[in-house]
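Raw contents of data-v7.cif, mmCIF, C-alpha atoms and all ligand atoms:
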```cif
data_data
loop_
_atom_site.label_atom_id
_atom_site.label_comp_id
_atom_site.auth_asym_id
_atom_site.auth_seq_id
_atom_site.Cartn_x
_atom_site.Cartn_y
_atom_site.Cartn_z
CA MET X 1 0.00 0.00 0.00
CA ASP X 2 1.28 3.48 -0.85
CA SER X 3 0.49 5.63 2.20
CA ALA X 4 1.13 8.80 0.13
CA VAL X 5 -1.82 7.86 -2.10
CA SER X 6 -4.10 6.31 0.51
CA PRO X 7 -3.91 7.89 3.97
CA LYS X 8 -6.17 5.23 5.46
CA VAL X 9 -5.73 1.48 5.56
CA HIS X 10 -8.80 -0.03 3.89
CA LEU X 11 -9.71 -3.22 5.71
CA ALA X 12 -12.13 -6.09 5.41
CA ILE X 13 -13.11 -8.48 8.19
CA ILE X 14 -13.75 -12.14 7.31
CA GLY X 15 -15.82 -13.77 10.04
CA ALA X 16 -18.23 -11.29 11.63
CA GLY X 17 -19.01 -13.37 14.75
CA GLY X 18 -18.21 -12.94 18.44
CA ILE X 19 -14.61 -11.72 18.55
CA SER X 20 -14.90 -9.54 15.45
CA ALA X 21 -16.83 -7.02 17.60
CA GLU X 22 -13.58 -6.20 19.43
CA HIS X 23 -11.64 -6.06 16.15
CA ALA X 24 -14.26 -3.62 14.84
CA GLN X 25 -13.76 -1.54 18.00
CA GLY X 26 -10.06 -1.35 17.15
CA ILE X 27 -10.86 -0.05 13.66
CA LEU X 28 -13.35 2.51 15.04
CA ALA X 29 -10.74 3.67 17.58
CA ASN X 30 -8.39 4.66 14.71
CA PRO X 31 -10.64 6.74 12.41
CA GLY X 32 -7.79 8.66 10.77
CA LEU X 33 -5.79 5.53 10.11
CA ALA X 34 -8.20 2.71 9.28
CA GLU X 35 -11.56 2.13 7.66
CA CYS X 36 -13.52 -1.10 7.37
CA VAL X 37 -14.82 -1.19 3.79
CA ALA X 38 -16.15 -4.76 3.66
CA LEU X 39 -17.37 -7.67 5.76
CA CYS X 40 -17.61 -11.32 4.79
CA ASP X 41 -19.62 -13.96 6.61
CA VAL X 42 -21.96 -16.81 5.75
CA SER X 43 -24.42 -15.51 8.35
CA ASP X 44 -26.58 -12.55 7.27
CA GLU X 45 -27.44 -11.85 10.89
CA ASN X 46 -23.77 -11.46 11.87
CA LEU X 47 -23.05 -9.37 8.76
CA GLN X 48 -25.87 -6.97 9.67
CA LYS X 49 -24.86 -6.73 13.32
CA ARG X 50 -21.21 -5.98 12.56
CA ASN X 51 -22.07 -3.56 9.76
CA GLU X 52 -24.32 -1.64 12.15
CA GLN X 53 -21.50 -1.45 14.72
CA LEU X 54 -19.19 -0.08 12.02
CA GLY X 55 -21.60 2.65 10.92
CA GLY X 56 -23.45 0.80 8.14
CA GLY X 57 -21.15 1.62 5.20
CA CYS X 58 -19.45 -1.75 4.60
CA ARG X 59 -19.93 -3.83 1.45
CA LEU X 60 -21.23 -7.25 2.47
CA PHE X 61 -20.10 -10.60 1.06
CA HIS X 62 -20.78 -14.28 1.69
CA ASP X 63 -17.63 -15.55 -0.01
CA TRP X 64 -14.13 -14.13 0.61
CA ARG X 65 -12.84 -15.03 -2.87
CA THR X 66 -15.64 -12.97 -4.46
CA MET X 67 -14.86 -10.16 -2.03
CA LEU X 68 -11.13 -10.15 -2.88
CA ALA X 69 -11.88 -10.21 -6.63
CA GLU X 70 -14.49 -7.44 -6.50
CA LEU X 71 -12.62 -5.07 -4.18
CA GLY X 72 -9.24 -5.43 -5.88
CA ASP X 73 -7.08 -2.37 -5.21
CA GLY X 74 -9.78 -0.89 -2.98
CA LEU X 75 -8.59 -3.21 -0.23
CA ASP X 76 -5.24 -3.04 1.62
CA ALA X 77 -5.56 -5.56 4.42
CA VAL X 78 -7.80 -8.28 5.81
CA ASP X 79 -8.60 -9.19 9.39
CA ILE X 80 -9.52 -12.90 9.71
CA CYS X 81 -11.84 -13.94 12.58
CA LEU X 82 -12.97 -17.35 11.30
CA PRO X 83 -13.30 -20.81 12.92
CA HIS X 84 -9.89 -22.49 13.09
CA HIS X 85 -10.16 -24.93 10.15
CA LEU X 86 -10.77 -21.97 7.80
CA HIS X 87 -7.67 -19.98 8.81
CA ALA X 88 -5.26 -21.72 6.39
CA PRO X 89 -7.43 -21.39 3.23
CA ALA X 90 -8.41 -17.79 4.06
CA ILE X 91 -4.83 -16.68 4.83
CA THR X 92 -3.63 -18.32 1.61
CA ASP X 93 -6.26 -16.61 -0.57
CA VAL X 94 -5.80 -13.22 1.09
CA ALA X 95 -1.99 -13.33 0.84
CA ARG X 96 -2.15 -14.49 -2.80
CA ALA X 97 -4.40 -11.48 -3.49
CA GLY X 98 -1.52 -9.34 -2.15
CA LYS X 99 -3.32 -8.11 0.97
CA ASP X 100 -1.73 -7.81 4.41
CA VAL X 101 -3.16 -10.14 7.04
CA LEU X 102 -4.12 -9.97 10.69
CA CYS X 103 -5.42 -13.42 11.70
CA GLU X 104 -6.88 -14.61 14.97
CA LYS X 105 -5.15 -17.46 16.76
CA PRO X 106 -4.35 -20.24 16.05
CA LEU X 107 -2.32 -19.73 12.86
CA CYS X 108 -4.04 -22.91 11.54
CA THR X 109 -4.69 -26.45 12.78
CA THR X 110 -1.75 -28.58 11.54
CA LEU X 111 2.02 -28.14 11.18
CA ALA X 112 1.85 -29.11 7.49
CA GLU X 113 -0.56 -26.21 6.91
CA ALA X 114 1.65 -23.93 9.03
CA ASP X 115 4.71 -24.75 6.90
CA ARG X 116 2.79 -23.91 3.73
CA LEU X 117 1.58 -20.62 5.26
CA VAL X 118 5.15 -19.61 6.18
CA GLU X 119 6.04 -20.17 2.50
CA VAL X 120 2.98 -18.30 1.18
CA VAL X 121 3.73 -15.26 3.36
CA ARG X 122 7.38 -15.27 2.26
CA GLU X 123 6.55 -15.72 -1.43
CA THR X 124 3.87 -13.03 -1.53
CA GLY X 125 5.76 -10.56 0.70
CA VAL X 126 2.60 -9.51 2.54
CA LEU X 127 2.78 -8.33 6.13
CA TYR X 128 1.40 -11.04 8.43
CA GLN X 129 0.47 -10.38 12.04
CA SER X 130 -0.54 -13.18 14.42
CA ALA X 131 -3.38 -11.82 16.54
CA HIS X 132 -1.57 -12.56 19.80
CA ASN X 133 -3.43 -9.81 21.62
CA GLN X 134 -2.17 -10.63 25.11
CA LEU X 135 1.28 -9.42 24.07
CA PHE X 136 -0.41 -6.03 24.55
CA MET X 137 -1.51 -6.88 28.11
CA PRO X 138 0.15 -4.29 30.38
CA CYS X 139 1.65 -6.82 32.84
CA VAL X 140 3.17 -8.81 29.95
CA VAL X 141 4.62 -5.69 28.27
CA GLU X 142 6.05 -4.43 31.57
CA ALA X 143 7.42 -7.82 32.65
CA LYS X 144 9.18 -8.27 29.28
CA LYS X 145 10.70 -4.79 29.54
CA ARG X 146 12.01 -5.50 33.05
CA ILE X 147 13.34 -8.97 32.10
CA VAL X 148 15.21 -7.49 29.10
CA ALA X 149 16.57 -4.73 31.36
CA GLY X 150 18.00 -7.48 33.62
CA GLU X 151 15.90 -6.62 36.68
CA ILE X 152 15.45 -10.27 37.73
CA GLY X 153 18.71 -11.61 36.26
CA GLU X 154 18.71 -14.76 34.17
CA VAL X 155 15.25 -16.28 33.61
CA ARG X 156 15.06 -19.72 35.28
CA TRP X 157 11.39 -20.67 35.61
CA LEU X 158 8.15 -19.31 34.16
CA ARG X 159 4.46 -20.02 34.56
CA SER X 160 1.70 -18.77 32.28
CA GLN X 161 -1.95 -19.52 33.01
CA ASP X 162 -5.34 -18.88 31.47
CA CYS X 163 -8.18 -20.60 33.27
CA PHE X 164 -11.89 -19.98 33.57
CA VAL X 165 -15.08 -22.00 33.89
CA ASN X 166 -16.99 -22.05 30.60
CA PRO X 167 -20.71 -22.79 30.96
CA VAL X 168 -21.22 -26.23 29.32
CA THR X 169 -23.94 -24.89 27.02
CA VAL X 170 -21.51 -22.47 25.28
CA LEU X 171 -19.56 -25.10 23.30
CA LYS X 172 -22.07 -27.92 22.89
CA ASP X 173 -22.53 -28.81 19.19
CA LYS X 174 -20.58 -25.70 18.10
CA TRP X 175 -17.48 -25.68 15.86
CA ARG X 176 -15.24 -25.58 18.98
CA ALA X 177 -16.61 -28.99 20.07
CA SER X 178 -15.28 -30.81 16.99
CA LEU X 179 -11.65 -31.80 16.47
CA LYS X 180 -12.13 -31.21 12.73
CA THR X 181 -13.14 -27.55 12.94
CA GLN X 182 -11.37 -26.61 16.21
CA GLY X 183 -8.14 -28.47 15.41
CA GLY X 184 -7.92 -29.68 19.01
CA GLY X 185 -9.40 -28.74 22.35
CA GLU X 186 -8.85 -25.93 24.82
CA LEU X 187 -5.07 -25.70 24.33
CA ILE X 188 -5.27 -24.65 20.65
CA ASP X 189 -7.93 -22.09 21.54
CA THR X 190 -7.70 -20.23 24.87
CA GLY X 191 -4.46 -22.11 25.58
CA TYR X 192 -2.77 -20.35 22.65
CA HIS X 193 -2.61 -17.18 24.80
CA PRO X 194 -0.63 -18.53 27.78
CA THR X 195 1.60 -20.41 25.30
CA TYR X 196 2.69 -17.36 23.28
CA ARG X 197 3.02 -15.35 26.52
CA LEU X 198 5.35 -18.01 27.94
CA LEU X 199 7.52 -18.10 24.78
CA HIS X 200 7.64 -14.30 24.60
CA LEU X 201 8.72 -13.92 28.24
CA ALA X 202 11.26 -16.76 28.01
CA GLY X 203 12.88 -15.19 24.93
CA SER X 204 14.56 -18.47 24.03
CA GLU X 205 14.01 -21.38 21.64
CA VAL X 206 11.87 -24.30 22.74
CA VAL X 207 13.83 -27.55 23.03
CA GLY X 208 11.34 -29.81 24.81
CA VAL X 209 7.62 -30.18 25.54
CA ARG X 210 5.73 -32.53 27.88
CA ALA X 211 2.07 -32.47 28.75
CA SER X 212 -0.95 -34.00 30.44
CA MET X 213 -4.49 -33.30 29.39
CA ALA X 214 -7.95 -33.90 30.78
CA ARG X 215 -11.58 -33.34 29.98
CA PHE X 216 -13.46 -32.57 33.17
CA THR X 217 -16.69 -30.81 32.23
CA GLN X 218 -16.92 -29.71 28.59
CA PRO X 219 -18.98 -31.52 25.90
CA ILE X 220 -16.14 -31.37 23.35
CA GLU X 221 -13.99 -33.94 21.53
CA GLY X 222 -10.69 -32.40 22.64
CA GLU X 223 -9.30 -31.66 26.09
CA ASP X 224 -10.79 -28.92 28.29
CA THR X 225 -7.71 -28.66 30.53
CA ALA X 226 -4.01 -28.86 29.67
CA SER X 227 -0.90 -28.82 31.82
CA VAL X 228 2.22 -28.33 29.69
CA GLN X 229 5.91 -28.18 30.59
CA VAL X 230 8.34 -26.45 28.24
CA ARG X 231 12.15 -26.58 28.28
CA PHE X 232 14.07 -23.71 26.64
CA ALA X 233 17.52 -23.60 25.01
CA SER X 234 18.56 -21.03 27.65
CA GLY X 235 18.09 -23.70 30.33
CA ALA X 236 14.90 -22.08 31.62
CA ILE X 237 11.87 -24.27 32.29
CA GLY X 238 8.26 -23.21 31.93
CA GLU X 239 4.73 -24.33 32.72
CA ILE X 240 1.38 -23.63 31.09
CA LEU X 241 -1.91 -24.34 32.85
CA THR X 242 -5.02 -23.64 30.84
CA SER X 243 -8.60 -24.71 31.41
CA TRP X 244 -12.28 -24.22 30.62
CA SER X 245 -13.17 -26.23 33.75
CA MET X 246 -11.55 -24.34 36.62
CA ASN X 247 -10.77 -20.80 37.69
CA ASN X 248 -7.49 -19.30 38.82
CA PRO X 249 -7.50 -17.86 42.35
CA HIS X 250 -7.12 -14.27 41.06
CA GLY X 251 -8.22 -13.42 37.51
CA SER X 252 -8.14 -15.70 34.47
CA HIS X 253 -4.72 -14.57 33.15
CA GLN X 254 -1.57 -15.04 35.19
CA ILE X 255 2.17 -14.79 34.58
CA HIS X 256 5.06 -15.55 36.95
CA VAL X 257 8.78 -15.41 36.10
CA ALA X 258 11.54 -16.39 38.51
CA GLY X 259 15.03 -15.16 37.66
CA SER X 260 18.46 -15.51 39.24
CA THR X 261 18.07 -12.23 41.18
CA GLY X 262 14.32 -11.75 41.62
CA GLN X 263 10.79 -12.54 40.54
CA LEU X 264 7.95 -10.90 38.63
CA TRP X 265 4.32 -11.96 38.64
CA GLY X 266 0.99 -10.43 37.78
CA SER X 267 -2.25 -10.29 35.88
CA HIS X 268 -3.85 -7.74 33.51
CA HIS X 269 -2.59 -4.28 34.57
CA THR X 270 -0.92 -5.20 37.85
CA LEU X 271 2.62 -6.53 38.15
CA TRP X 272 4.58 -7.44 41.27
CA LEU X 273 8.36 -7.32 41.56
CA LEU X 274 10.29 -9.06 44.34
CA PRO X 275 14.05 -8.56 44.07
CA ASP X 276 16.04 -11.21 46.00
CA GLY X 277 16.77 -10.04 49.54
CA GLU X 278 13.58 -7.98 49.85
CA LYS X 279 10.66 -9.26 51.94
CA GLU X 280 7.73 -7.28 50.52
CA PRO X 281 6.93 -7.32 46.79
CA ARG X 282 6.64 -3.97 45.04
CA GLN X 283 3.25 -3.45 43.38
CA ILE X 284 3.41 -1.86 39.92
CA ASP X 285 0.07 -0.43 38.76
CA LEU X 286 -0.20 0.02 34.99
CA GLU X 287 -2.72 1.71 32.69
CA PRO X 288 -5.45 -0.77 31.69
CA VAL X 289 -5.49 -1.67 27.97
CA GLN X 290 -8.17 -3.35 25.84
CA THR X 291 -5.77 -5.70 24.17
CA ILE X 292 -7.69 -6.67 20.99
CA PRO X 293 -8.48 -3.09 19.87
CA ALA X 294 -4.87 -2.13 20.79
CA GLN X 295 -3.58 -4.92 18.57
CA VAL X 296 -5.72 -3.84 15.60
CA GLY X 297 -4.31 -0.29 16.01
CA ASP X 298 -0.79 -1.73 16.05
CA PHE X 299 -1.53 -3.76 12.90
CA VAL X 300 -2.75 -0.80 10.84
CA ARG X 301 0.26 1.28 11.90
CA ARG X 302 2.54 -1.55 10.75
CA VAL X 303 0.67 -1.90 7.45
CA ARG X 304 1.66 1.71 6.82
CA SER X 305 5.22 1.58 8.21
CA ARG X 306 5.95 -1.98 6.90
CA GLU X 307 7.61 -2.74 10.27
CA ARG X 308 7.52 -6.48 11.11
CA PRO X 309 4.96 -7.39 13.80
CA LEU X 310 6.25 -8.69 17.11
CA HIS X 311 4.64 -12.05 16.24
CA SER X 312 4.34 -12.84 12.55
CA VAL X 313 3.73 -16.17 10.79
CA GLU X 314 6.93 -17.79 12.13
CA GLU X 315 5.99 -17.16 15.78
CA GLY X 316 2.45 -18.38 15.08
CA ARG X 317 3.98 -21.61 13.75
CA THR X 318 6.22 -22.04 16.81
CA VAL X 319 3.24 -21.69 19.17
CA LEU X 320 1.31 -24.29 17.16
CA ASP X 321 4.37 -26.57 17.24
CA VAL X 322 4.39 -26.49 21.07
CA ILE X 323 0.66 -27.26 21.13
CA VAL X 324 0.97 -30.15 18.65
CA ARG X 325 3.91 -31.60 20.62
CA ALA X 326 1.99 -31.23 23.88
CA THR X 327 -0.97 -33.06 22.40
CA THR X 328 1.27 -35.83 21.06
CA ASP X 329 3.11 -36.18 24.37
CA ALA X 330 -0.23 -36.56 26.15
CA ASP X 331 -1.01 -39.51 23.79
CA GLY X 332 -3.38 -37.26 21.87
CA TRP X 333 -7.09 -37.12 22.50
CA GLN X 334 -7.34 -40.91 22.45
CA ALA X 335 -6.10 -40.82 26.05
CA LEU X 336 -9.20 -38.91 27.09
CA ALA X 337 -12.47 -40.50 28.09
CA LYS X 338 -15.42 -40.39 25.69
CA PRO X 339 -16.98 -36.96 25.10
CA LEU X 340 -19.47 -36.01 27.82
N1 LIG K 401 -8.20 -13.25 21.09
C1 LIG K 401 -9.20 -13.71 21.80
O1 LIG K 401 -9.28 -13.49 23.00
C2 LIG K 401 -10.26 -14.53 21.11
C3 LIG K 401 -11.51 -14.72 21.73
C4 LIG K 401 -12.48 -15.43 21.04
C5 LIG K 401 -12.21 -15.97 19.78
N2 LIG K 401 -10.97 -15.80 19.23
C6 LIG K 401 -10.65 -16.39 17.91
O2 LIG K 401 -11.41 -15.71 16.91
C7 LIG K 401 -11.79 -16.63 15.88
C8 LIG K 401 -13.30 -16.61 15.76
O3 LIG K 401 -13.88 -16.96 16.99
P1 LIG K 401 -15.34 -16.43 17.41
O4 LIG K 401 -15.47 -16.70 18.87
O5 LIG K 401 -15.53 -15.03 16.94
O6 LIG K 401 -16.25 -17.46 16.60
P2 LIG K 401 -17.75 -17.23 16.09
O7 LIG K 401 -18.29 -18.56 15.82
O8 LIG K 401 -18.47 -16.32 17.02
O9 LIG K 401 -17.53 -16.42 14.72
C9 LIG K 401 -17.06 -17.04 13.54
C10 LIG K 401 -17.78 -16.40 12.36
O10 LIG K 401 -17.27 -16.99 11.15
C11 LIG K 401 -18.38 -17.15 10.28
N3 LIG K 401 -18.07 -18.17 9.25
C12 LIG K 401 -18.06 -19.51 9.37
N4 LIG K 401 -17.72 -20.08 8.19
C13 LIG K 401 -17.51 -19.06 7.31
C14 LIG K 401 -17.12 -19.00 5.94
N5 LIG K 401 -16.86 -20.09 5.22
N6 LIG K 401 -16.99 -17.78 5.36
C15 LIG K 401 -17.25 -16.64 6.06
N7 LIG K 401 -17.63 -16.65 7.37
C16 LIG K 401 -17.74 -17.83 7.98
C17 LIG K 401 -19.53 -17.58 11.19
O11 LIG K 401 -20.79 -17.40 10.58
C18 LIG K 401 -19.31 -16.64 12.38
O12 LIG K 401 -19.99 -15.41 12.23
C19 LIG K 401 -11.19 -17.98 16.31
O13 LIG K 401 -9.96 -18.10 15.68
C20 LIG K 401 -11.02 -17.85 17.80
O14 LIG K 401 -10.01 -18.68 18.34
C21 LIG K 401 -10.01 -15.08 19.87
#
```

In structure tokens, what does this structure look like?
Ligand SMILES: NC(=O)c1ccc[n+]([C@@H]2O[C@H](COP(=O)([O-])OP(=O)(O)OC[C@H]3O[C@@H](n4cnc5c(N)ncnc54)[C@H](O)[C@@H]3O)[C@@H](O)[C@H]2O)c1
Amino acid sequence: MDSAVSPKVHLAIIGAGGISAEHAQGILANPGLAECVALCDVSDENLQKRNEQLGGGCRLFHDWRTMLAELGDGLDAVDICLPHHLHAPAITDVARAGKDVLCEKPLCTTLAEADRLVEVVRETGVLYQSAHNQLFMPCVVEAKKRIVAGEIGEVRWLRSQDCFVNPVTVLKDKWRASLKTQGGGELIDTGYHPTYRLLHLAGSEVVGVRASMARFTQPIEGEDTASVQVRFASGAIGEILTSWSMNNPHGSHQIHVAGSTGQLWGSHHTLWLLPDGEKEPRQIDLEPVQTIPAQVGDFVRRVRSRERPLHSVEEGRTVLDVIVRATTDADGWQALAKPL
């Protein structure tokens, strides 16, 4: 896109369901920078609802290939908010049409697809951003800054959690209940967040993954709870706990990093720092951030500046790799009891 010709990034959203409302908020929060010109969904109801939220001026489509062909140069970038099994074909078509991509997690559902997507993004030269919105969570941003600044020394152990109780009616008979359309269970969905947070905070390559999985309450084919251990090339070890069947004691999102000279832990916009030798942790209060709209703003700025996103297609693939290895280590879903 030539920003001298087009001052705004012209976007389309594919998948106008639940989470696209927050993506739309991100577009509306950047009126001078971004405009949603089209929506694509197979559901007329969702198309209407999202179009209304966006002011009513979007062109509406049922098929993304038709949308890409009809809009042509009138489109700069596409925001994909589809069920998981449709990520790979949508990313491929959008990139081949020469449009930049922001795509919800997961990158896709298999490593073979992920390898092809890495190639497609490289071949086409489009800018690809993995929608890893919790990288914009204030406690994660602040913890990373302090780790890089050496405030807790060498990272030795990390924990990243995302747990909440999902009402059992939410997933029953929906695309998230099926291995085919979800690509797995909880870990490839909500569990993607604590996984990319863990990798980001560790700042080192993954060299080993072990896991145990369970299905306690949810009527789905995959797991609803995963406990994953990750070993890093740096020597650090990490743990992910993620669940749709239990809550965390304080808030659904949690991080904790222990270093050679201190520790950091927190949730949302509160971080705690305990340097070795001190008895009382220091509380660090941060400005709250709505992470999905913040990420959409970051994406449109990068579409203009052409600066690589913090997590592009390669990082999306690495996160999926950890999840696939965790699932394999836990003997896959065969180890679970029959669906409830
Ligand atoms: N970052 C987060 O915190 C977060 C939260 C929820 C969902 N998500 C992710 O967002 C994505 C969408 O999840 P959701 O909860 O919004 O799901 P959803 O079911 O609410 O929305 C999906 C939409 O895609 C549409 N759709 C299905 N097939 C289509 C097709 N062939 N062409 C066009 N549209 C089609 C559906 O009609 C629906 O409107 C998933 O990748 C999910 O993991 C992320």

For ligand LIG 401 (chain K), which residue among X:Val141, X:Ala214, X:Leu187, X:Leu86 is the nearest when counting all atoms listed in the file?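 Smallest separation from ligand LIG 401 (chain K) among the options: X:Leu86.
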
Find, counting only C-alpha atoms and all ligand atoms, the residue in X:Glu186, X:Asp76, X:Asp115, X:Glu151 that gets nearest to ligand LIG 401 (chain K).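 Answer, going by the shortest atom-to-atom distance: X:Glu186.
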
For range 16-30 of chain X, what centre and edge lengths in Å (one decimal) does the axis-aligned box get once 8 Å is added on each side of all its listed atoms, as lines of an AutoDock Vina configuration file?
```
center_x = -13.7
center_y = -4.4
center_z = 15.5
size_x = 26.6
size_y = 34.0
size_z = 23.8
```

Restricting the calculation to only C-alpha atoms: of X:Asp276, X:Glu123, X:Glu223, X:Asp162, which residue gets closest to Gly259 in chain X? X:Asp276

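Of the listed residues X:Leu28, X:Ala143, X:Ile188, X:Cys58, the one whose atoms come nearest to Arg317 in chain X is X:Ile188, with distances taken using all atoms listed in the file.
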
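Across the structure, atom C8 of ligand LIG 401 (chain K) and CA of Gly15 in chain X are spaced 6.9 Å apart.
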
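For the set X:Pro83, X:Pro219, X:Pro106, X:Pro89, the residue with the smallest atom-to-atom gap to Ser245 in chain X is X:Pro219, counting all atoms listed in the file.
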
Given the point (-20.4, -6.6, 5.8) in the file's coordinates, find the residues that have an atom at most 8 Å from it, counting only C-alpha atoms, and give them as a list in words.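 Residues lying no farther than 8 Å from the given point: Ile13, Ala16, Ala38, Leu39, Cys40, Asp41, Leu47, Gln48, Arg50, Asn51, Cys58, Arg59, Leu60 and Phe61 of chain X.
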
N, CA and C atoms for range 305-321 of chain X, written as a short mmCIF file (atom, residue, chain, number, x, y, z; two decimals), keeping the file's coordinate frame, could you do that?
```cif
data_model
loop_
_atom_site.label_atom_id
_atom_site.label_comp_id
_atom_site.auth_asym_id
_atom_site.auth_seq_id
_atom_site.Cartn_x
_atom_site.Cartn_y
_atom_site.Cartn_z
N SER X 305 3.76 1.41 8.05
CA SER X 305 5.22 1.58 8.21
C SER X 305 6.01 0.41 7.63
N ARG X 306 5.35 -0.72 7.38
CA ARG X 306 5.95 -1.98 6.90
C ARG X 306 6.91 -2.57 7.95
N GLU X 307 6.77 -2.19 9.20
CA GLU X 307 7.61 -2.74 10.27
C GLU X 307 7.07 -4.12 10.66
N ARG X 308 7.96 -5.10 10.80
CA ARG X 308 7.52 -6.48 11.11
C ARG X 308 6.79 -6.52 12.46
N PRO X 309 5.65 -7.23 12.50
CA PRO X 309 4.96 -7.39 13.80
C PRO X 309 5.81 -8.18 14.79
N LEU X 310 5.53 -7.97 16.05
CA LEU X 310 6.25 -8.69 17.11
C LEU X 310 6.09 -10.20 16.89
N HIS X 311 4.86 -10.65 16.60
CA HIS X 311 4.64 -12.05 16.24
C HIS X 311 4.04 -12.14 14.86
N SER X 312 4.81 -12.66 13.93
CA SER X 312 4.34 -12.84 12.55
C SER X 312 4.01 -14.32 12.34
N VAL X 313 4.13 -14.80 11.10
CA VAL X 313 3.73 -16.17 10.79
C VAL X 313 4.68 -17.19 11.45
N GLU X 314 5.97 -16.84 11.57
CA GLU X 314 6.93 -17.79 12.13
C GLU X 314 6.63 -18.05 13.62
N GLU X 315 6.31 -16.98 14.35
CA GLU X 315 5.99 -17.16 15.78
C GLU X 315 4.68 -17.93 15.94
N GLY X 316 3.72 -17.64 15.04
CA GLY X 316 2.45 -18.38 15.08
C GLY X 316 2.70 -19.87 14.90
N ARG X 317 3.64 -20.20 13.99
CA ARG X 317 3.98 -21.61 13.75
C ARG X 317 4.63 -22.24 14.97
N THR X 318 5.53 -21.49 15.63
CA THR X 318 6.22 -22.04 16.81
C THR X 318 5.22 -22.34 17.93
N VAL X 319 4.24 -21.46 18.12
CA VAL X 319 3.24 -21.69 19.17
C VAL X 319 2.45 -22.96 18.84
N LEU X 320 2.06 -23.09 17.57
CA LEU X 320 1.31 -24.29 17.16
C LEU X 320 2.16 -25.55 17.36
N ASP X 321 3.45 -25.44 17.09
CA ASP X 321 4.37 -26.57 17.24
C ASP X 321 4.36 -27.06 18.70
#
```
